[in-house]
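The next block is query-v7.cif, given as mmCIF, C-alpha atoms.
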data_structure
#
loop_
_atom_site.label_atom_id
_atom_site.label_comp_id
_atom_site.auth_asym_id
_atom_site.auth_seq_id
_atom_site.Cartn_x
_atom_site.Cartn_y
_atom_site.Cartn_z
CA MET A 8 -34.61 33.48 -9.49
CA SER A 9 -34.38 32.18 -12.99
CA THR A 10 -31.31 30.11 -13.57
CA ALA A 11 -29.81 30.33 -17.01
CA MET A 12 -28.46 26.94 -17.92
CA ASN A 13 -26.33 27.12 -21.00
CA PHE A 14 -26.52 23.50 -21.97
CA SER A 15 -30.18 22.84 -21.57
CA SER A 16 -33.37 24.82 -21.32
CA LYS A 17 -34.49 23.32 -18.04
CA SER A 18 -32.31 20.71 -16.47
CA PHE A 19 -31.13 19.93 -13.02
CA ALA A 20 -27.41 20.25 -12.40
CA PRO A 21 -26.39 17.86 -9.66
CA ARG A 22 -23.82 19.12 -7.22
CA PRO A 23 -21.27 16.95 -5.50
CA PRO A 24 -21.69 16.20 -1.84
CA ASP A 25 -19.73 18.65 0.34
CA LYS A 26 -17.56 15.98 1.86
CA GLY A 27 -17.48 13.55 -1.01
CA ALA A 28 -18.67 10.00 -0.95
CA PHE A 29 -19.00 7.75 2.06
CA PRO A 30 -16.74 4.69 1.76
CA LEU A 31 -18.89 1.60 1.60
CA ASP A 32 -19.34 -0.22 4.89
CA HIS A 33 -18.44 -3.55 3.31
CA PHE A 34 -18.30 -5.41 6.61
CA GLY A 35 -21.44 -3.91 8.09
CA GLU A 36 -19.48 -2.46 10.97
CA CYS A 37 -22.07 0.21 11.55
CA SER A 38 -25.14 -1.80 10.60
CA ALA A 39 -26.29 -2.02 14.22
CA PHE A 40 -26.23 1.77 14.47
CA LYS A 41 -28.10 2.04 11.23
CA GLU A 42 -30.72 -0.41 12.50
CA ARG A 43 -31.21 1.60 15.67
CA PHE A 44 -31.65 4.71 13.56
CA MET A 45 -34.16 3.03 11.24
CA GLU A 46 -36.11 1.68 14.21
CA CYS A 47 -36.24 5.18 15.63
CA LEU A 48 -37.55 6.50 12.32
CA ARG A 49 -40.25 3.86 12.17
CA ARG A 50 -41.30 4.56 15.76
CA SER A 51 -41.43 8.29 15.24
CA GLY A 52 -43.37 8.29 11.99
CA TYR A 53 -40.23 9.06 10.01
CA GLU A 54 -39.54 12.31 11.74
CA SER A 55 -35.90 13.18 11.30
CA ALA A 56 -35.75 15.54 14.28
CA ALA A 57 -36.73 12.73 16.64
CA CYS A 58 -33.83 10.55 15.59
CA ARG A 59 -30.90 12.90 15.54
CA GLN A 60 -29.24 11.19 18.48
CA SER A 61 -29.23 7.90 16.55
CA ALA A 62 -28.08 9.64 13.39
CA MET A 63 -25.20 11.17 15.29
CA ALA A 64 -24.32 7.79 16.79
CA TYR A 65 -24.23 6.26 13.31
CA LEU A 66 -21.89 8.93 12.00
CA GLU A 67 -19.68 8.59 15.08
CA CYS A 68 -19.51 4.86 14.40
CA ARG A 69 -18.29 5.59 10.89
CA MET A 70 -15.69 8.04 12.10
CA ASP A 71 -14.43 5.59 14.71
CA ARG A 72 -13.93 2.97 12.03
CA GLN A 73 -12.35 5.14 9.37
CA LEU A 74 -15.53 5.01 7.30
CA MET A 75 -15.86 8.74 7.42
CA ALA A 76 -13.41 11.60 7.77
CA ASN A 77 -13.23 12.78 11.35
CA GLU A 78 -15.16 15.94 11.81
CA PRO A 79 -16.29 17.79 14.90
CA LEU A 80 -19.95 16.94 15.31
CA GLU A 81 -20.87 20.60 15.59
CA LYS A 82 -19.84 20.98 11.97
CA LEU A 83 -22.31 18.25 11.06
CA GLY A 84 -25.21 20.11 12.63
CA PHE A 85 -25.23 18.39 16.01
CA LYS A 86 -24.02 21.22 18.20
CA ASP A 87 -27.08 21.16 20.41
CA LEU A 88 -26.70 17.44 21.09
CA ILE A 89 -22.99 17.89 21.77
CA ASN A 90 -23.62 20.58 24.33
CA GLU A 91 -25.80 18.16 26.21
CA LYS A 92 -23.18 15.44 25.98
CA SER A 93 -20.27 17.62 27.04
CA GLU A 94 -21.84 18.06 30.41
CA GLU A 95 -21.20 14.39 31.06
CA LYS A 96 -17.73 13.91 29.63
CA PRO A 97 -14.91 16.00 28.12
CA GLU A 98 -15.54 16.88 24.50
CA LYS A 99 -13.50 14.93 22.01
CA SER A 100 -12.97 16.46 18.60
CA MET B 19 -34.36 11.09 -19.52
CA VAL B 20 -31.87 8.39 -18.60
CA GLY B 21 -29.43 9.86 -21.09
CA LEU B 22 -29.74 13.23 -19.49
CA SER B 23 -29.04 11.84 -16.05
CA TYR B 24 -26.03 10.01 -17.41
CA ALA B 25 -24.79 13.09 -19.14
CA ALA B 26 -25.23 14.98 -15.89
CA VAL B 27 -21.92 13.65 -14.58
CA PRO B 28 -19.74 15.29 -17.25
CA LEU B 29 -22.10 18.22 -17.37
CA TYR B 30 -21.64 18.65 -13.65
CA ARG B 31 -17.93 18.91 -14.23
CA LEU B 32 -18.40 21.73 -16.71
CA TYR B 33 -20.77 23.44 -14.32
CA CYS B 34 -18.32 23.00 -11.48
CA GLN B 35 -15.45 24.49 -13.44
CA ALA B 36 -17.57 27.40 -14.58
CA THR B 37 -18.88 28.34 -11.16
CA GLY B 38 -15.91 27.30 -9.05
CA LEU B 39 -18.08 25.26 -6.74
CA GLY B 40 -16.94 22.00 -5.30
CA GLY B 41 -13.47 23.05 -4.18
CA THR B 42 -12.25 22.90 -0.59
CA THR B 43 -13.26 26.51 0.02
CA GLY B 44 -16.79 25.49 -0.79
CA ALA B 45 -16.64 22.67 1.71
CA GLU B 46 -15.20 24.89 4.41
CA ARG B 47 -17.84 27.53 3.83
CA SER B 48 -20.55 24.98 4.02
CA ALA B 49 -19.20 23.45 7.24
CA GLU B 50 -19.43 26.87 8.84
CA ARG B 51 -22.89 27.33 7.48
CA ILE B 52 -23.98 23.99 8.90
CA GLU B 53 -22.56 24.83 12.29
CA ARG B 54 -24.39 28.16 12.43
CA MET B 55 -27.72 27.33 10.86
CA GLU B 56 -30.85 27.04 12.93
CA PRO B 57 -33.77 24.76 12.16
CA VAL B 58 -36.87 26.43 10.76
CA ARG B 59 -39.39 24.44 12.78
CA ASP B 60 -42.53 25.78 11.14
CA ARG B 61 -41.66 24.42 7.69
CA LEU B 62 -42.03 20.70 7.83
CA ILE B 63 -41.02 19.13 4.54
CA ARG B 64 -41.65 15.62 3.38
CA VAL B 65 -38.68 14.20 1.52
CA THR B 66 -39.41 11.06 -0.47
CA PHE B 67 -36.84 8.74 -1.94
CA ASN B 68 -36.62 7.06 -5.30
CA ALA B 69 -34.09 4.55 -6.47
CA ASP B 70 -33.50 3.64 -10.05
CA THR B 71 -31.04 1.47 -11.82
CA HIS B 72 -30.12 1.78 -15.42
CA ALA B 73 -30.93 -1.32 -17.43
CA SER B 74 -27.23 -2.16 -17.68
CA ILE B 75 -26.64 -2.67 -13.96
CA GLN B 76 -27.87 -5.75 -12.16
CA TRP B 77 -27.83 -4.34 -8.66
CA ASN B 78 -30.90 -4.35 -6.51
CA PHE B 79 -31.04 -0.81 -5.29
CA LYS B 80 -33.73 0.72 -3.12
CA PRO B 81 -34.32 3.28 -0.40
CA GLN B 82 -34.61 1.99 3.17
CA GLN B 83 -37.28 4.54 3.97
CA SER B 84 -39.86 5.81 1.53
CA GLU B 85 -40.01 9.21 3.19
CA ILE B 86 -38.63 11.32 5.99
CA TYR B 87 -39.92 14.54 7.49
CA VAL B 88 -37.32 17.25 7.86
CA VAL B 89 -37.15 20.97 8.47
CA PRO B 90 -34.79 23.40 6.73
CA GLY B 91 -31.65 24.11 8.71
CA GLU B 92 -31.36 20.69 10.33
CA THR B 93 -29.12 17.91 9.07
CA ALA B 94 -30.79 14.62 8.27
CA LEU B 95 -29.70 11.08 7.57
CA ALA B 96 -31.34 8.58 5.24
CA PHE B 97 -30.36 5.23 3.80
CA TYR B 98 -30.47 3.37 0.57
CA LYS B 99 -29.44 -0.22 0.21
CA ALA B 100 -27.76 -1.97 -2.70
CA LYS B 101 -27.19 -5.63 -3.36
CA ASN B 102 -25.22 -7.38 -6.04
CA PRO B 103 -27.17 -10.61 -6.61
CA THR B 104 -24.81 -11.88 -9.30
CA ASP B 105 -21.65 -13.95 -9.04
CA LYS B 106 -19.40 -11.24 -10.42
CA PRO B 107 -18.24 -8.00 -8.83
CA ILE B 108 -20.02 -5.01 -10.25
CA ILE B 109 -18.94 -1.41 -10.08
CA GLY B 110 -21.66 1.16 -10.04
CA ILE B 111 -21.74 4.88 -10.14
CA SER B 112 -24.70 7.03 -9.37
CA THR B 113 -26.12 10.41 -10.02
CA TYR B 114 -29.11 12.04 -8.45
CA ASN B 115 -32.00 14.30 -9.20
CA VAL B 116 -34.21 16.51 -7.05
CA VAL B 117 -37.76 17.56 -7.82
CA PRO B 118 -39.15 20.10 -7.82
CA PHE B 119 -36.32 21.43 -9.90
CA GLU B 120 -36.29 24.79 -8.13
CA ALA B 121 -35.93 23.17 -4.71
CA GLY B 122 -32.73 21.47 -5.85
CA GLN B 123 -30.64 24.56 -5.17
CA TYR B 124 -31.59 24.32 -1.49
CA PHE B 125 -30.93 20.62 -1.22
CA ASN B 126 -27.41 20.12 0.11
CA LYS B 127 -25.78 16.76 0.42
CA ILE B 128 -23.06 16.75 3.02
CA GLN B 129 -22.03 13.25 2.19
CA CYS B 130 -23.52 10.46 0.16
CA PHE B 131 -22.50 7.84 -2.32
CA CYS B 132 -22.83 9.54 -5.67
CA PHE B 133 -20.38 10.45 -8.38
CA GLU B 134 -17.84 7.91 -7.21
CA GLU B 135 -17.42 4.33 -8.27
CA GLN B 136 -18.77 1.89 -5.75
CA ARG B 137 -17.81 -1.75 -6.02
CA LEU B 138 -20.01 -4.54 -4.76
CA ASN B 139 -18.65 -8.05 -4.61
CA PRO B 140 -20.82 -11.02 -5.57
CA GLN B 141 -23.81 -11.35 -3.24
CA GLU B 142 -22.70 -8.33 -1.28
CA GLU B 143 -25.27 -6.00 0.23
CA VAL B 144 -24.42 -2.61 1.67
CA ASP B 145 -26.11 0.32 3.31
CA MET B 146 -25.71 3.56 1.42
CA PRO B 147 -26.24 6.65 3.55
CA VAL B 148 -27.17 10.12 2.45
CA PHE B 149 -26.46 12.92 4.89
CA PHE B 150 -28.11 16.14 3.83
CA TYR B 151 -29.90 19.30 4.82
CA ILE B 152 -32.28 21.75 3.27
CA ASP B 153 -30.87 25.23 3.37
CA PRO B 154 -32.77 27.54 5.77
CA GLU B 155 -33.05 30.08 2.95
CA PHE B 156 -35.59 27.72 1.43
CA ALA B 157 -38.03 29.05 4.02
CA GLU B 158 -37.49 32.59 2.86
CA ASP B 159 -37.97 31.99 -0.84
CA PRO B 160 -41.52 32.99 -1.82
CA LYS B 161 -41.34 30.58 -4.74
CA MET B 162 -40.91 27.73 -2.28
CA ALA B 163 -43.80 28.77 -0.07
CA LYS B 164 -46.08 26.04 -1.37
CA VAL B 165 -43.40 23.36 -1.59
CA ASP B 166 -43.76 20.76 1.12
CA LEU B 167 -42.65 17.73 -0.83
CA ILE B 168 -39.19 17.17 -2.22
CA THR B 169 -38.23 13.98 -3.98
CA LEU B 170 -34.68 12.74 -4.13
CA SER B 171 -33.92 10.19 -6.84
CA TYR B 172 -30.71 8.27 -7.28
CA THR B 173 -29.88 6.30 -10.37
CA PHE B 174 -27.09 3.77 -10.56
CA PHE B 175 -25.23 2.94 -13.74
CA GLU B 176 -22.64 0.28 -14.27
CA ALA B 177 -19.10 1.61 -14.57
CA LYS B 178 -17.42 -0.71 -17.02
CA GLU B 179 -13.71 -1.42 -17.44
CA GLY B 180 -12.00 1.01 -19.74
CA GLN B 181 -14.92 3.34 -19.66
CA LYS B 182 -13.82 6.85 -18.89
CA LEU B 183 -16.32 8.59 -16.72
CA PRO B 184 -15.23 12.13 -15.93
CA LEU B 185 -15.77 12.27 -12.20
CA PRO B 186 -16.23 15.59 -10.50
CA GLY B 187 -12.90 16.39 -8.88
CA TYR B 188 -14.24 17.51 -5.59
CA GLN B 189 -11.86 15.42 -3.53
#
Please, can you express the file's structure as structure tokens?
Amino acid sequence: MSTAMNFSSKSFAPRPPDKGAFPLDHFGECSAFKERFMECLRRSGYESAACRQSAMAYLECRMDRQLMANEPLEKLGFKDLINEKSEEKPEKS
Amino acid sequence: MVGLSYAAVPLYRLYCQATGLGGTTGAERSAERIERMEPVRDRLIRVTFNADTHASIQWNFKPQQSEIYVVPGETALAFYKAKNPTDKPIIGISTYNVVPFEAGQYFNKIQCFCFEEQRLNPQEEVDMPVFFYIDPEFAEDPKMAKVDLITLSYTFFEAKEGQKLPLPGYQ
């Protein structure tokens, strides 16, 4: 599909992130979660699929600390992990 | 090249107004899409990360991983890190670029740190996450059949007092 850009012959038009910008974690409240995620990445050869549990935990940390708008985790692509979790405890949204 | 990236912020705004993207309806649609999409496991893609700073900004800015392997249809998290090594607060604002150019349309950022001013206090260091996914339709585009490497580049500029940067009004 050829995209006709009016303002330039071939340029990339950045799009905004769907949910806007993350507030900065000035106090490192979720740094531990980030570290766990990064360790997982290193262990797994940087395979994203292997570290989704840690990624989800990081985002939950942000939501718990008002560093991210609360969103049901299914809407962030974690529905399969949530279905596992909901067997253990009632789902919180 | 730098000028083009810088101009991309106001140009984005024109693009946004013309196509109507970036409003809440867009975000709602995409949340549904994310919830329903399935990973395309047979298309492993290597995403590499670049970090640039414009000469005017004194931040140290770099990715925390040089690469990550993802598949279309699955959300992924990655981190950059920025430090203000000076003794004055500095406000930065970033834009991004995706190569190959044609893959950019499939690269969706759910949340990141671009297009909004970010303030770092003296000596402050922060993690900057990018939460994204590659649209599953990528796997169905014959033009993308040979693409297994996508590079995401962020560039930070200094946002100075009194400088009017038209920010995309997606909030």
Item checked: At most 6 Å to chain A: residues in chain B, all atoms listed in the file, as a ChimeraX atom specification -> /B:45,49,52-53,86-88,93,127-131
Checklist line | Protein, DNA and RNA residues within 9 Å of (-38.9, 23.1, 10.8), all atoms listed in the file, as a PyMOL selection string | finding: (chain A and resi 56) or (chain B and resi 57-63+88-92)
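The space between atom CA of B:Asn68 and atom CA of B:Arg51 spans 27.6 Å.
Rounded to one decimal, atom CA of B:Lys106 and atom CA of A:Leu74 lie 24.4 Å from each other.
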I'd like the contact shell of B:His72 - 7 Å cut-off, all atoms listed in the file, skipping same-chain residues fewer than 6 positions apart - returned as a CSV table (one decimal) with C-alpha atoms, in the coordinates of the input.
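Saved to selection-v7.csv:
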chain,number,residue,atom,x,y,z
B,173,THR,CA,-29.9,6.3,-10.4
B,174,PHE,CA,-27.1,3.8,-10.6
B,175,PHE,CA,-25.2,2.9,-13.7
